[in-house]
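Structure file structure_29.csv (CSV, C-alpha atoms (C1' of nucleotides)) is printed below.
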```csv
chain,number,residue,atom,x,y,z
A,1,MET,CA,0.0,0.0,0.0
A,2,VAL,CA,1.7,3.1,-1.2
A,3,GLU,CA,0.3,6.6,-0.9
A,4,TYR,CA,-3.1,5.8,-2.2
A,5,THR,CA,-4.8,8.1,0.3
A,6,PHE,CA,-5.7,11.1,-1.9
A,7,THR,CA,-6.3,8.9,-4.9
A,8,LEU,CA,-8.7,6.7,-3.0
A,9,ASP,CA,-10.5,9.7,-1.7
A,10,ASN,CA,-10.9,10.9,-5.2
A,11,THR,CA,-11.8,7.5,-6.6
A,12,PHE,CA,-14.4,6.6,-4.0
A,13,GLY,CA,-15.6,10.2,-4.0
A,14,ALA,CA,-16.2,10.1,-7.7
A,15,LEU,CA,-18.0,6.8,-7.4
A,16,ALA,CA,-20.3,8.1,-4.7
A,17,ASP,CA,-22.7,9.6,-7.1
A,18,ASN,CA,-25.2,7.8,-9.4
A,19,THR,CA,-24.9,10.2,-12.3
A,20,ARG,CA,-21.2,9.7,-12.4
A,21,ARG,CA,-21.5,5.9,-12.1
A,22,ASP,CA,-24.0,6.0,-14.9
A,23,ILE,CA,-21.5,8.1,-17.0
A,24,LEU,CA,-18.9,5.5,-16.3
A,25,ARG,CA,-21.2,2.7,-17.4
A,26,ARG,CA,-22.0,4.5,-20.6
A,27,VAL,CA,-18.4,5.4,-21.5
A,28,SER,CA,-17.4,1.9,-20.6
A,29,GLU,CA,-19.4,0.8,-23.7
A,30,ALA,CA,-18.5,3.5,-26.1
A,31,GLU,CA,-16.5,6.7,-26.3
A,32,LEU,CA,-19.1,9.5,-26.1
A,33,SER,CA,-19.0,13.3,-26.5
A,34,VAL,CA,-20.0,15.5,-23.6
A,35,SER,CA,-23.3,16.5,-25.3
A,36,GLN,CA,-24.1,12.9,-26.1
A,37,LEU,CA,-23.7,12.2,-22.4
A,38,ALA,CA,-25.5,15.3,-21.3
A,39,LYS,CA,-28.6,14.3,-23.3
A,40,ASN,CA,-29.3,11.4,-20.8
A,41,TYR,CA,-29.6,13.5,-17.7
A,42,ASP,CA,-32.1,16.1,-16.5
A,43,LEU,CA,-29.2,18.4,-15.8
A,44,THR,CA,-27.6,21.4,-17.5
A,45,PHE,CA,-24.7,20.9,-19.8
A,46,ALA,CA,-22.5,22.6,-17.3
A,47,ALA,CA,-23.5,20.3,-14.5
A,48,VAL,CA,-22.6,17.3,-16.6
A,49,SER,CA,-19.3,19.0,-17.6
A,50,LYS,CA,-18.6,19.4,-13.8
A,51,HIS,CA,-19.3,15.7,-13.2
A,52,LEU,CA,-16.9,14.9,-15.9
A,53,LYS,CA,-14.2,17.0,-14.3
A,54,VAL,CA,-14.7,15.1,-11.0
A,55,LEU,CA,-14.2,11.8,-13.0
A,56,GLU,CA,-11.2,13.3,-14.7
A,57,ARG,CA,-9.6,14.4,-11.5
A,58,ALA,CA,-10.1,10.8,-10.2
A,59,LYS,CA,-8.5,9.7,-13.4
A,60,LEU,CA,-11.5,7.5,-14.2
A,61,VAL,CA,-12.1,9.0,-17.6
A,62,ILE,CA,-10.0,10.9,-20.1
A,63,LYS,CA,-11.1,13.3,-22.8
A,64,ARG,CA,-9.7,13.8,-26.2
A,65,ARG,CA,-10.7,16.5,-28.7
A,66,ASN,CA,-12.3,15.5,-31.9
A,67,GLY,CA,-13.1,18.6,-33.9
A,68,LYS,CA,-15.6,20.7,-32.0
A,69,GLU,CA,-16.4,18.0,-29.5
A,70,GLN,CA,-14.7,16.4,-26.6
A,71,LEU,CA,-14.8,12.6,-26.5
A,72,VAL,CA,-14.9,10.9,-23.2
A,73,SER,CA,-13.7,7.4,-22.5
A,74,LEU,CA,-12.6,5.3,-19.5
A,75,ALA,CA,-9.0,5.9,-18.6
A,76,PRO,CA,-7.4,2.5,-18.9
A,77,GLN,CA,-4.4,3.0,-16.6
A,78,ALA,CA,-6.4,4.6,-13.8
A,79,MET,CA,-9.0,1.8,-14.3
A,80,ALA,CA,-6.3,-0.7,-13.5
A,81,ASP,CA,-5.4,1.2,-10.4
A,82,ALA,CA,-9.0,1.4,-9.3
A,83,ALA,CA,-9.4,-2.3,-9.8
A,84,GLN,CA,-6.3,-2.7,-7.7
A,85,TYR,CA,-7.7,-0.6,-4.8
A,86,ILE,CA,-10.9,-2.6,-5.1
A,87,GLU,CA,-9.0,-5.8,-5.0
A,88,TRP,CA,-7.1,-4.6,-2.0
A,89,TYR,CA,-10.4,-3.9,-0.2
A,90,LYS,CA,-11.7,-7.3,-1.2
A,91,GLN,CA,-8.6,-8.9,0.2
A,92,PHE,CA,-8.9,-7.0,3.5
A,93,MET,CA,-12.5,-8.0,3.7
A,94,GLU,CA,-11.8,-11.6,2.9
A,95,SER,CA,-11.0,-12.7,6.4
A,96,ARG,CA,-14.2,-11.2,7.6
A,97,LEU,CA,-16.1,-12.9,4.8
A,98,ASP,CA,-14.9,-16.2,6.1
A,99,ALA,CA,-16.3,-15.1,9.5
A,100,LEU,CA,-19.5,-14.2,7.6
A,101,GLU,CA,-19.9,-17.7,6.3
A,102,ILE,CA,-19.6,-19.1,9.7
A,103,TYR,CA,-22.0,-16.4,11.0
A,104,LEU,CA,-24.5,-17.3,8.3
A,105,LYS,CA,-24.3,-21.0,9.0
A,106,GLU,CA,-24.8,-20.4,12.7
A,107,ASP,CA,-27.7,-18.1,12.0
A,108,GLN,CA,-29.8,-19.9,9.4
A,109,ASN,CA,-33.0,-19.1,11.3
A,110,GLY,CA,-32.9,-15.9,13.3
A,111,ARG,CA,-32.3,-13.2,10.7
A,112,GLN,CA,-34.4,-10.1,11.0
B,1,MET,CA,-28.7,-4.7,-10.5
B,2,VAL,CA,-31.4,-3.9,-8.1
B,3,GLU,CA,-31.8,-0.5,-6.4
B,4,TYR,CA,-28.3,-0.2,-5.2
B,5,THR,CA,-28.2,3.5,-5.9
B,6,PHE,CA,-28.6,5.0,-2.5
B,7,THR,CA,-26.6,2.2,-0.9
B,8,LEU,CA,-23.8,2.7,-3.3
B,9,ASP,CA,-23.7,6.4,-2.7
B,10,ASN,CA,-23.5,5.7,1.0
B,11,THR,CA,-20.9,3.0,0.6
B,12,PHE,CA,-18.6,4.8,-1.7
B,13,GLY,CA,-19.2,8.0,0.2
B,14,ALA,CA,-18.2,6.4,3.4
B,15,LEU,CA,-15.1,4.9,1.8
B,16,ALA,CA,-14.0,8.3,0.4
B,17,ASP,CA,-12.3,9.4,3.6
B,18,ASN,CA,-9.0,8.1,4.9
B,19,THR,CA,-10.0,8.3,8.6
B,20,ARG,CA,-13.0,6.1,7.9
B,21,ARG,CA,-11.0,3.6,5.8
B,22,ASP,CA,-8.5,3.5,8.7
B,23,ILE,CA,-11.3,2.8,11.1
B,24,LEU,CA,-12.5,0.0,8.8
B,25,ARG,CA,-9.0,-1.5,8.7
B,26,ARG,CA,-8.7,-1.4,12.5
B,27,VAL,CA,-12.1,-2.9,13.2
B,28,SER,CA,-11.5,-5.6,10.6
B,29,GLU,CA,-8.8,-6.9,12.9
B,30,ALA,CA,-10.6,-6.6,16.2
B,31,GLU,CA,-13.8,-5.3,17.7
B,32,LEU,CA,-12.9,-1.9,19.3
B,33,SER,CA,-14.7,0.6,21.5
B,34,VAL,CA,-15.3,4.2,20.3
B,35,SER,CA,-12.6,5.6,22.6
B,36,GLN,CA,-10.1,2.9,21.6
B,37,LEU,CA,-10.6,4.0,18.1
B,38,ALA,CA,-10.6,7.7,18.9
B,39,LYS,CA,-7.2,7.5,20.5
B,40,ASN,CA,-5.6,6.9,17.1
B,41,TYR,CA,-6.7,10.1,15.6
B,42,ASP,CA,-5.9,13.8,16.1
B,43,LEU,CA,-9.6,14.5,16.3
B,44,THR,CA,-12.2,15.1,19.0
B,45,PHE,CA,-14.2,12.2,20.3
B,46,ALA,CA,-17.3,13.6,18.8
B,47,ALA,CA,-15.6,13.8,15.4
B,48,VAL,CA,-14.8,10.1,15.5
B,49,SER,CA,-18.3,9.4,16.7
B,50,LYS,CA,-19.6,11.2,13.6
B,51,HIS,CA,-17.3,9.2,11.3
B,52,LEU,CA,-18.7,6.0,12.9
B,53,LYS,CA,-22.2,7.2,12.2
B,54,VAL,CA,-21.4,7.6,8.6
B,55,LEU,CA,-19.9,4.1,8.5
B,56,GLU,CA,-23.1,2.8,10.3
B,57,ARG,CA,-25.4,4.5,7.8
B,58,ALA,CA,-23.4,2.8,5.1
B,59,LYS,CA,-23.9,-0.4,7.1
B,60,LEU,CA,-20.2,-1.0,7.0
B,61,VAL,CA,-19.9,-1.3,10.8
B,62,ILE,CA,-22.2,-2.2,13.6
B,63,LYS,CA,-22.1,-1.2,17.2
B,64,ARG,CA,-23.1,-3.2,20.2
B,65,ARG,CA,-23.2,-2.0,23.8
B,66,ASN,CA,-20.9,-3.7,26.3
B,67,GLY,CA,-21.3,-2.0,29.6
B,68,LYS,CA,-20.4,1.6,29.4
B,69,GLU,CA,-18.8,1.3,26.1
B,70,GLN,CA,-19.9,0.8,22.6
B,71,LEU,CA,-18.0,-1.8,20.6
B,72,VAL,CA,-17.6,-1.4,16.9
B,73,SER,CA,-17.1,-4.1,14.4
B,74,LEU,CA,-17.4,-4.7,10.6
B,75,ALA,CA,-21.0,-5.4,9.7
B,76,PRO,CA,-20.8,-8.9,8.1
B,77,GLN,CA,-24.0,-8.8,6.0
B,78,ALA,CA,-23.3,-5.3,4.6
B,79,MET,CA,-19.8,-6.4,4.0
B,80,ALA,CA,-21.0,-9.1,1.7
B,81,ASP,CA,-23.2,-6.6,-0.1
B,82,ALA,CA,-20.2,-4.2,-0.4
B,83,ALA,CA,-18.1,-7.0,-1.9
B,84,GLN,CA,-20.9,-7.7,-4.3
B,85,TYR,CA,-21.1,-4.1,-5.5
B,86,ILE,CA,-17.3,-4.1,-5.9
B,87,GLU,CA,-17.5,-7.4,-7.8
B,88,TRP,CA,-20.1,-5.8,-10.1
B,89,TYR,CA,-17.8,-2.9,-10.7
B,90,LYS,CA,-15.0,-5.2,-11.4
B,91,GLN,CA,-17.2,-7.1,-13.9
B,92,PHE,CA,-18.2,-4.0,-15.7
B,93,MET,CA,-14.6,-2.9,-15.9
B,94,GLU,CA,-13.4,-6.2,-17.1
B,95,SER,CA,-14.1,-5.6,-20.8
B,96,ARG,CA,-12.1,-2.5,-20.5
B,97,LEU,CA,-9.3,-4.2,-18.7
B,98,ASP,CA,-9.0,-6.6,-21.6
B,99,ALA,CA,-8.7,-3.5,-23.8
B,100,LEU,CA,-6.1,-2.3,-21.3
B,101,GLU,CA,-3.9,-5.3,-21.8
B,102,ILE,CA,-3.9,-4.7,-25.5
B,103,TYR,CA,-3.3,-1.0,-24.9
B,104,LEU,CA,-0.3,-1.8,-22.6
B,105,LYS,CA,1.1,-4.2,-25.1
B,106,GLU,CA,0.8,-1.7,-27.9
B,107,ASP,CA,2.3,1.0,-25.7
B,108,GLN,CA,5.4,-0.7,-24.1
B,109,ASN,CA,7.5,2.4,-24.7
B,110,GLY,CA,5.6,5.7,-24.8
B,111,ARG,CA,4.1,5.9,-21.3
B,112,GLN,CA,4.3,9.4,-19.8
C,1,DT,C1',-14.2,37.2,-41.4
C,2,DG,C1',-18.4,36.2,-38.9
C,3,DT,C1',-21.5,32.9,-37.1
C,4,DA,C1',-22.9,28.6,-35.2
C,5,DT,C1',-21.7,24.6,-32.3
C,6,DA,C1',-19.4,22.4,-28.3
C,7,DT,C1',-17.6,23.0,-24.2
C,8,DT,C1',-15.7,25.4,-20.2
C,9,DC,C1',-15.3,29.1,-16.8
C,10,DA,C1',-17.0,32.3,-13.2
C,11,DA,C1',-20.1,33.8,-10.1
C,12,DC,C1',-23.5,32.6,-7.3
C,13,DC,C1',-26.6,29.7,-4.2
C,14,DA,C1',-28.3,25.8,-1.2
C,15,DT,C1',-27.0,21.7,1.0
C,16,DT,C1',-23.8,18.5,2.8
C,17,DT,C1',-19.6,17.4,5.1
C,18,DG,C1',-16.1,17.5,8.6
C,19,DG,C1',-14.8,19.7,12.2
C,20,DT,C1',-15.4,22.2,16.8
C,21,DT,C1',-17.4,23.0,21.8
C,22,DG,C1',-20.5,22.3,25.5
C,23,DA,C1',-24.6,20.2,27.2
C,24,DA,C1',-27.3,15.8,27.6
C,25,DT,C1',-27.8,10.8,28.1
C,26,DG,C1',-26.6,5.9,29.6
C,27,DA,C1',-24.4,2.7,32.4
C,28,DT,C1',-21.5,1.3,36.2
C,29,DA,C1',-19.5,1.9,40.7
C,30,DG,C1',-19.5,3.7,45.2
D,1,DC,C1',-28.6,8.6,44.8
D,2,DT,C1',-24.7,10.5,43.0
D,3,DA,C1',-20.4,10.8,40.8
D,4,DT,C1',-18.0,9.2,36.9
D,5,DC,C1',-16.9,7.3,32.5
D,6,DA,C1',-18.3,6.5,27.6
D,7,DT,C1',-20.8,8.2,24.1
D,8,DT,C1',-24.1,11.1,21.6
D,9,DC,C1',-26.6,15.3,20.5
D,10,DA,C1',-27.2,20.2,19.3
D,11,DA,C1',-25.6,24.3,17.7
D,12,DC,C1',-22.4,26.3,15.3
D,13,DC,C1',-18.7,27.2,11.6
D,14,DA,C1',-15.8,26.8,7.3
D,15,DA,C1',-15.1,24.4,3.3
D,16,DA,C1',-16.6,21.3,-0.3
D,17,DT,C1',-20.4,19.6,-3.4
D,18,DG,C1',-23.9,19.9,-6.8
D,19,DG,C1',-26.6,22.6,-9.0
D,20,DT,C1',-27.9,27.0,-11.7
D,21,DT,C1',-27.2,31.0,-15.3
D,22,DG,C1',-24.6,33.8,-18.3
D,23,DA,C1',-20.2,35.0,-20.3
D,24,DA,C1',-15.9,33.2,-22.5
D,25,DT,C1',-13.2,30.1,-25.5
D,26,DA,C1',-12.2,26.8,-29.3
D,27,DT,C1',-13.3,24.8,-33.5
D,28,DA,C1',-15.7,24.3,-37.9
D,29,DC,C1',-18.2,26.2,-41.6
D,30,DA,C1',-19.9,29.5,-44.9
```
Same coordinates, now as structure tokens:
Amino acid sequence: MVEYTFTLDNTFGALADNTRRDILRRVSEAELSVSQLAKNYDLTFAAVSKHLKVLERAKLVIKRRNGKEQLVSLAPQAMADAAQYIEWYKQFMESRLDALEIYLKEDQNGRQ
Amino acid sequence: MVEYTFTLDNTFGALADNTRRDILRRVSEAELSVSQLAKNYDLTFAAVSKHLKVLERAKLVIKRRNGKEQLVSLAPQAMADAAQYIEWYKQFMESRLDALEIYLKEDQNGRQ
DNA sequence: TGTATATTCAACCATTTGGTTGAATGATAG
DNA sequence: CTATCATTCAACCAAATGGTTGAATATACA
């Protein structure tokens, strides 16, 4: 674990919003312009542009200019980092997930 | 994908803070009282208590009373849910991670 | 060159967040 | 009961977030 602190703050912070997660979902399927993205939300263009800046800061997406428009796509390198953080969290949860299994087995009945 | 929206907001929101991630790390190893936790940070007791409420709202920890103190531990069921979200995110990233491999192979040299 | 299109920037506003302090509540020990 | 320890609640504050509108910038097109 290096100095992931700020990056993790940005990464998780960026993921803590449904619009941004939806943007990620969309651009994970295809590279889209800002206006193409903006069409999907009941938000102003500027608001979507701001969301994109949050995602850019978190290095979850990159933009490249194509004529008048700006094309958004997932940022492959940061994506790998994100997956790594997530993997780390999964690891650190793992021991507890073992405990969970035991817990669930011991508790087949009395779940509220 | 059910209605994870609010939960994911809370989950990722809760994870977007180093103090809270550190609390999670600590309580993943052992059940700790609020004051035992608070000792580790240069924060008031109340501030730590607030962080714990955020983690509770995200169902990442649970508290149980033990005499005067309140013992904090990872919330096993929510932990499983969190792992599931994370797994989902990994899945949806997977296609792009394949693309990443290709990208990395094609780009052995020119990384800035 | 001027105009339209795509996007960002700046200023502003309301709400949320992360922190503080001090009072209130809960539980145990005398 | 009352004092004490552990924790929360309430009120407050500054900074960050998520949104708006309107002006500014960049590119293409005629």
field: Residue contacts of C:DA24 (12 Å, all atoms listed in the file) excluding same-chain residues fewer than 4 positions away, as a PyMOL selection string
entry: chain D and resi 7-10
query: Hey, can you check how far atom CA of A:Tyr41 sits from atom C1' of D:DG18?
result: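 So the two atoms, atom CA of A:Tyr41 and atom C1' of D:DG18, lie 13.9 Å apart.
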message: Using all atoms listed in the file, I'd like every residue of chain A that has an atom within 12 Å of chain D; please write them out as a PyMOL selection string.
response: chain A and resi 13-14+16-17+19-20+42-51+54+65-70
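The space separating atom CA of B:Arg26 from atom C1' of C:DG26 comes to 25.8 Å.
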Please, which residues in chain C fall within 12 Å of chain A when counting all atoms listed in the file, and what is the closest atom pair and distance in Å to one decimal for each, ordered by chain then residue number, as CSV?
```
residue,atom,partner,partner_atom,distance
C:DA4,C1',A:Lys68,CA,11.2
C:DT5,C1',A:Lys68,CA,7.2
C:DA6,C1',A:Glu69,CA,5.5
C:DT7,C1',A:Glu69,CA,7.4
C:DT8,C1',A:Ser49,CA,7.8
C:DC9,C1',A:Ala46,CA,9.7
C:DA10,C1',A:Ala46,CA,11.9
```
- request: Point out the residue among A:Thr7, A:Ile62, A:Arg57, A:Leu15 with the least atom-to-atom distance to chain B, counting all atoms listed in the file.
  value: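 Ranked by minimum distance to chain B, first place goes to A:Leu15.
As for atom CA of B:Val61 and atom CA of B:Phe6, they are spaced 17.1 Å apart.
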field: Counting all atoms listed in the file, the option among A:Leu55, A:Leu32, A:Ala38, A:Leu74 closest to chain B
entry: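 Smallest distance to chain B is found for A:Leu74.
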